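Heads up: the structure comes next, in structure tokens.
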Amino acid sequence: DAKTTQPTSMDCAEGRAANLPCNHSTISGNEYVYWYRQIHSQGPQYIIHGLKNNETNEMASLIITEDRKSSTLILPHATLRDTAVYYCIVRVVNSGGSNYKLTFGKGTLLTVNP
Amino acid sequence: SAVISQKPSRDICQRGTSLTIQCQVDSQVTMMFWYRQQPGQSLTLIATANQGSEATYESGFVIDKFPISRPNLTFSTLTVSNMSPEDSSIYLCSETLGLGVFFGQGTRLTVV
């Protein structure tokens, strides 16, 4: 079962920041937070991941609360092409093979409006 | 990230037949994964494919229905056997490279 909770859907105006929340209250110390998105009919696209520090890359920023029980993905200037389902996933990262898998929940459908 | 190529990108198959989906990665990776995405649903992991050993299947998926091969560190196949319309889905392979997990574009299968 997915270990995260996300809103089913969100809207955002084009050019504004999109802030997508995720709750992962049972996260373990060796679990990372990953974000993916899936644009209709395409394979999931990796966005960003983090352990406990905030992270930023060319696509987005990831803000993780100090207690690590929740996080927010920020798309700083949303465009129409950012309309997609966004998945927040916690993933164990260690030397064990099976722990590398990603378990997907239902995600958040972000609709960017003109 | 590694580049992942899946073939075919889509197919329409008759019930009772089998389809083998190929997944090619442009670098050597330890683990590859096969997922299924039924219409309107999220992704469900079918199995983990390690080179040199049998695949590890998730609950609800069996080797007879979804045999997997992993002959080397850059290639894997998933076969959907004895297909029925309920097997109509997108099938995706993914690989892990370091902390990243990356996906192919998927194979859209329609069983008629």
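Each chain of the structure tokens is named A, B, ... in the order shown, its residues numbered from 1; ligands are numbered from 1 in display order.
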Item to complete: Pull the strand (DSSP E) assignments for chain A out of DSSP run on the backbone, and list those residues as number ranges by chain.
Response: A: 9-13, 18-23, 31-38, 45-50, 55-56, 61-64, 70-75, 84-92, 108-113
For chain A versus chain B, which residues have an atom no more than 12 Å away, and what is each residue's nearest atom pair and distance in Å rounded to one decimal, using only C-alpha atoms, chain-then-number order, as JSON lines?
{"residue": "A:Asp1", "atom": "CA", "partner": "B:Thr44", "partner_atom": "CA", "distance": 10.2}
{"residue": "A:Ala2", "atom": "CA", "partner": "B:Thr44", "partner_atom": "CA", "distance": 10.5}
{"residue": "A:Glu31", "atom": "CA", "partner": "B:Leu99", "partner_atom": "CA", "distance": 11.3}
{"residue": "A:Tyr32", "atom": "CA", "partner": "B:Leu99", "partner_atom": "CA", "distance": 9.3}
{"residue": "A:Val33", "atom": "CA", "partner": "B:Leu99", "partner_atom": "CA", "distance": 11.1}
{"residue": "A:Tyr34", "atom": "CA", "partner": "B:Gly100", "partner_atom": "CA", "distance": 9.1}
{"residue": "A:Trp35", "atom": "CA", "partner": "B:Val101", "partner_atom": "CA", "distance": 10.7}
{"residue": "A:Tyr36", "atom": "CA", "partner": "B:Phe102", "partner_atom": "CA", "distance": 9.6}
{"residue": "A:Arg37", "atom": "CA", "partner": "B:Phe103", "partner_atom": "CA", "distance": 11.1}
{"residue": "A:Gln38", "atom": "CA", "partner": "B:Ser42", "partner_atom": "CA", "distance": 9.9}
{"residue": "A:Ile39", "atom": "CA", "partner": "B:Gln105", "partner_atom": "CA", "distance": 10.7}
{"residue": "A:His40", "atom": "CA", "partner": "B:Gly40", "partner_atom": "CA", "distance": 10.2}
{"residue": "A:Ser41", "atom": "CA", "partner": "B:Gln105", "partner_atom": "CA", "distance": 8.3}
{"residue": "A:Gln42", "atom": "CA", "partner": "B:Gln105", "partner_atom": "CA", "distance": 5.5}
{"residue": "A:Gly43", "atom": "CA", "partner": "B:Gln105", "partner_atom": "CA", "distance": 4.3}
{"residue": "A:Pro44", "atom": "CA", "partner": "B:Phe103", "partner_atom": "CA", "distance": 6.1}
{"residue": "A:Gln45", "atom": "CA", "partner": "B:Phe103", "partner_atom": "CA", "distance": 7.0}
{"residue": "A:Tyr46", "atom": "CA", "partner": "B:Phe102", "partner_atom": "CA", "distance": 6.6}
{"residue": "A:Ile47", "atom": "CA", "partner": "B:Gly100", "partner_atom": "CA", "distance": 10.0}
{"residue": "A:Ile48", "atom": "CA", "partner": "B:Gly100", "partner_atom": "CA", "distance": 9.1}
{"residue": "A:His49", "atom": "CA", "partner": "B:Gly100", "partner_atom": "CA", "distance": 8.5}
{"residue": "A:Gly50", "atom": "CA", "partner": "B:Leu99", "partner_atom": "CA", "distance": 10.0}
{"residue": "A:Leu51", "atom": "CA", "partner": "B:Leu99", "partner_atom": "CA", "distance": 11.0}
{"residue": "A:Val85", "atom": "CA", "partner": "B:Ser42", "partner_atom": "CA", "distance": 9.6}
{"residue": "A:Tyr86", "atom": "CA", "partner": "B:Ser42", "partner_atom": "CA", "distance": 10.8}
{"residue": "A:Tyr87", "atom": "CA", "partner": "B:Ser42", "partner_atom": "CA", "distance": 9.4}
{"residue": "A:Ile89", "atom": "CA", "partner": "B:Val101", "partner_atom": "CA", "distance": 11.6}
{"residue": "A:Arg91", "atom": "CA", "partner": "B:Leu99", "partner_atom": "CA", "distance": 9.8}
{"residue": "A:Val92", "atom": "CA", "partner": "B:Leu99", "partner_atom": "CA", "distance": 10.0}
{"residue": "A:Val93", "atom": "CA", "partner": "B:Leu99", "partner_atom": "CA", "distance": 7.4}
{"residue": "A:Asn94", "atom": "CA", "partner": "B:Leu99", "partner_atom": "CA", "distance": 9.6}
{"residue": "A:Ser95", "atom": "CA", "partner": "B:Gly98", "partner_atom": "CA", "distance": 10.8}
{"residue": "A:Gly96", "atom": "CA", "partner": "B:Met31", "partner_atom": "CA", "distance": 11.0}
{"residue": "A:Gly97", "atom": "CA", "partner": "B:Met31", "partner_atom": "CA", "distance": 7.6}
{"residue": "A:Ser98", "atom": "CA", "partner": "B:Thr48", "partner_atom": "CA", "distance": 7.4}
{"residue": "A:Asn99", "atom": "CA", "partner": "B:Thr48", "partner_atom": "CA", "distance": 10.3}
{"residue": "A:Tyr100", "atom": "CA", "partner": "B:Thr96", "partner_atom": "CA", "distance": 7.5}
{"residue": "A:Lys101", "atom": "CA", "partner": "B:Phe33", "partner_atom": "CA", "distance": 7.6}
{"residue": "A:Leu102", "atom": "CA", "partner": "B:Leu45", "partner_atom": "CA", "distance": 7.9}
{"residue": "A:Thr103", "atom": "CA", "partner": "B:Leu45", "partner_atom": "CA", "distance": 7.2}
{"residue": "A:Phe104", "atom": "CA", "partner": "B:Leu43", "partner_atom": "CA", "distance": 5.9}
{"residue": "A:Gly105", "atom": "CA", "partner": "B:Ser42", "partner_atom": "CA", "distance": 6.5}
{"residue": "A:Lys106", "atom": "CA", "partner": "B:Ser42", "partner_atom": "CA", "distance": 5.5}
{"residue": "A:Gly107", "atom": "CA", "partner": "B:Ser42", "partner_atom": "CA", "distance": 7.9}
{"residue": "A:Thr108", "atom": "CA", "partner": "B:Ser42", "partner_atom": "CA", "distance": 10.9}
{"residue": "A:Leu109", "atom": "CA", "partner": "B:Ser42", "partner_atom": "CA", "distance": 11.6}
Item to complete: Write out as a VMD selection string the residues lying within 8 Å of A:Pro76, counting only C-alpha atoms and excluding same-chain residues fewer than 6 positions away.
Response: chain A and resid 16 to 18 60 to 61
Worksheet entry | Which of A:Leu75, A:Thr4, A:His24, A:Asn113 sits closest to A:Asn57 [using only C-alpha atoms] | A:Leu75
Discussion item. As number ranges by chain, please: the residues near A:Thr72 (cut-off 8 Å, only C-alpha atoms, same-chain neighbours under 4 positions excluded).
Written reply: A: 19-22, 62-64
Considering only C-alpha atoms, return as a CSV table (one decimal) with N, CA and C atoms, in the first residue's frame whatever protein or nucleic-acid residues lie within 12 Å of stretch 12-14 of chain B, sequence-local ones (same chain, fewer than 2 positions apart) excluded.
chain,number,residue,atom,x,y,z
B,8,PRO,N,6.9,-3.3,-28.3
B,8,PRO,CA,6.4,-2.2,-29.1
B,8,PRO,C,5.8,-1.1,-28.3
B,9,SER,N,5.5,0.0,-28.9
B,9,SER,CA,4.9,1.1,-28.1
B,9,SER,C,3.4,0.9,-27.9
B,10,ARG,N,2.8,0.1,-28.8
B,10,ARG,CA,1.4,-0.2,-28.7
B,10,ARG,C,1.1,-1.5,-29.6
B,16,GLY,N,-6.2,-14.9,-26.0
B,16,GLY,CA,-5.7,-16.2,-26.1
B,16,GLY,C,-4.2,-16.2,-26.6
B,17,THR,N,-3.8,-15.1,-27.2
B,17,THR,CA,-2.4,-15.1,-27.6
B,17,THR,C,-1.5,-14.5,-26.6
B,18,SER,N,-0.2,-14.4,-26.9
B,18,SER,CA,0.8,-13.9,-26.0
B,18,SER,C,1.6,-12.7,-26.7
B,19,LEU,N,2.0,-11.8,-25.9
B,19,LEU,CA,2.8,-10.7,-26.4
B,19,LEU,C,4.0,-10.5,-25.5
B,20,THR,N,5.2,-10.4,-26.2
B,20,THR,CA,6.4,-10.1,-25.4
B,20,THR,C,6.8,-8.7,-25.6
B,80,VAL,N,3.1,-11.2,-21.7
B,80,VAL,CA,1.8,-11.3,-21.2
B,80,VAL,C,1.1,-12.5,-21.9
B,81,SER,N,0.9,-13.5,-21.1
B,81,SER,CA,0.5,-14.8,-21.7
B,81,SER,C,-1.0,-15.0,-21.7
B,82,ASN,N,-1.5,-15.8,-22.7
B,82,ASN,CA,-2.9,-16.2,-22.8
B,82,ASN,C,-3.8,-15.0,-22.5
B,83,MET,N,-3.7,-14.0,-23.3
B,83,MET,CA,-4.3,-12.7,-23.0
B,83,MET,C,-5.8,-12.7,-23.0
B,84,SER,N,-6.4,-11.9,-22.1
B,84,SER,CA,-7.8,-11.6,-22.1
B,84,SER,C,-8.0,-10.1,-22.2
B,85,PRO,N,-9.3,-9.7,-22.4
B,85,PRO,CA,-9.5,-8.2,-22.5
B,85,PRO,C,-9.1,-7.5,-21.2
B,87,ASP,N,-6.5,-7.8,-19.6
B,87,ASP,CA,-5.1,-7.5,-19.7
B,87,ASP,C,-4.8,-6.2,-20.4
B,88,SER,N,-5.8,-5.6,-21.0
B,88,SER,CA,-5.6,-4.3,-21.7
B,88,SER,C,-5.1,-3.3,-20.7
B,89,SER,N,-3.9,-2.8,-20.9
B,89,SER,CA,-3.3,-1.9,-20.0
B,89,SER,C,-2.1,-1.3,-20.6
B,90,ILE,N,-1.5,-0.3,-19.9
B,90,ILE,CA,-0.1,0.1,-20.3
B,90,ILE,C,0.9,-0.6,-19.4
B,107,THR,N,4.1,0.4,-23.1
B,107,THR,CA,3.5,-0.3,-24.2
B,107,THR,C,2.0,-0.4,-23.9
B,108,ARG,N,1.3,0.2,-24.8
B,108,ARG,CA,-0.2,0.3,-24.7
B,108,ARG,C,-0.7,-1.0,-25.4
B,109,LEU,N,-1.3,-1.9,-24.5
B,109,LEU,CA,-1.8,-3.1,-25.0
B,109,LEU,C,-3.3,-3.1,-25.0
B,110,THR,N,-3.9,-3.5,-26.1
B,110,THR,CA,-5.4,-3.7,-26.2
B,110,THR,C,-5.6,-5.1,-26.6
B,111,VAL,N,-6.4,-5.8,-25.9
B,111,VAL,CA,-6.8,-7.2,-26.2
B,111,VAL,C,-8.2,-7.2,-26.6
B,112,VAL,N,-8.4,-7.8,-27.8
B,112,VAL,CA,-9.8,-7.8,-28.3
B,112,VAL,C,-10.3,-9.3,-28.5
Practice prompt. Please identify all polymer residues within 8 Å of B:Val3, counting only C-alpha atoms, omitting same-chain residues fewer than 5 positions from it, and present them as a list in words.
Written response: Val25, Asp26, Ser27 and Gly104 of chain B
Next, write the just-selected residues to a file, as a PDB file, in the first residue's frame, keeping C-alpha atoms as the atom set.
ATOM      1  CA  VAL B  25      18.484   0.376 -21.263  1.00  0.00           C
ATOM      2  CA  ASP B  26      21.514   2.245 -22.549  1.00  0.00           C
ATOM      3  CA  SER B  27      23.636   1.524 -19.475  1.00  0.00           C
ATOM      4  CA  GLY B 104      10.218   3.868 -20.331  1.00  0.00           C
TER       5      GLY B 104
END
Item to complete: Tell me which protein, DNA and RNA residues are within 8 Å of B:Gly52, counting only C-alpha atoms, leaving out same-chain ones fewer than 3 positions away, and put them as a PyMOL selection string.
Response: chain B and resi 70-72
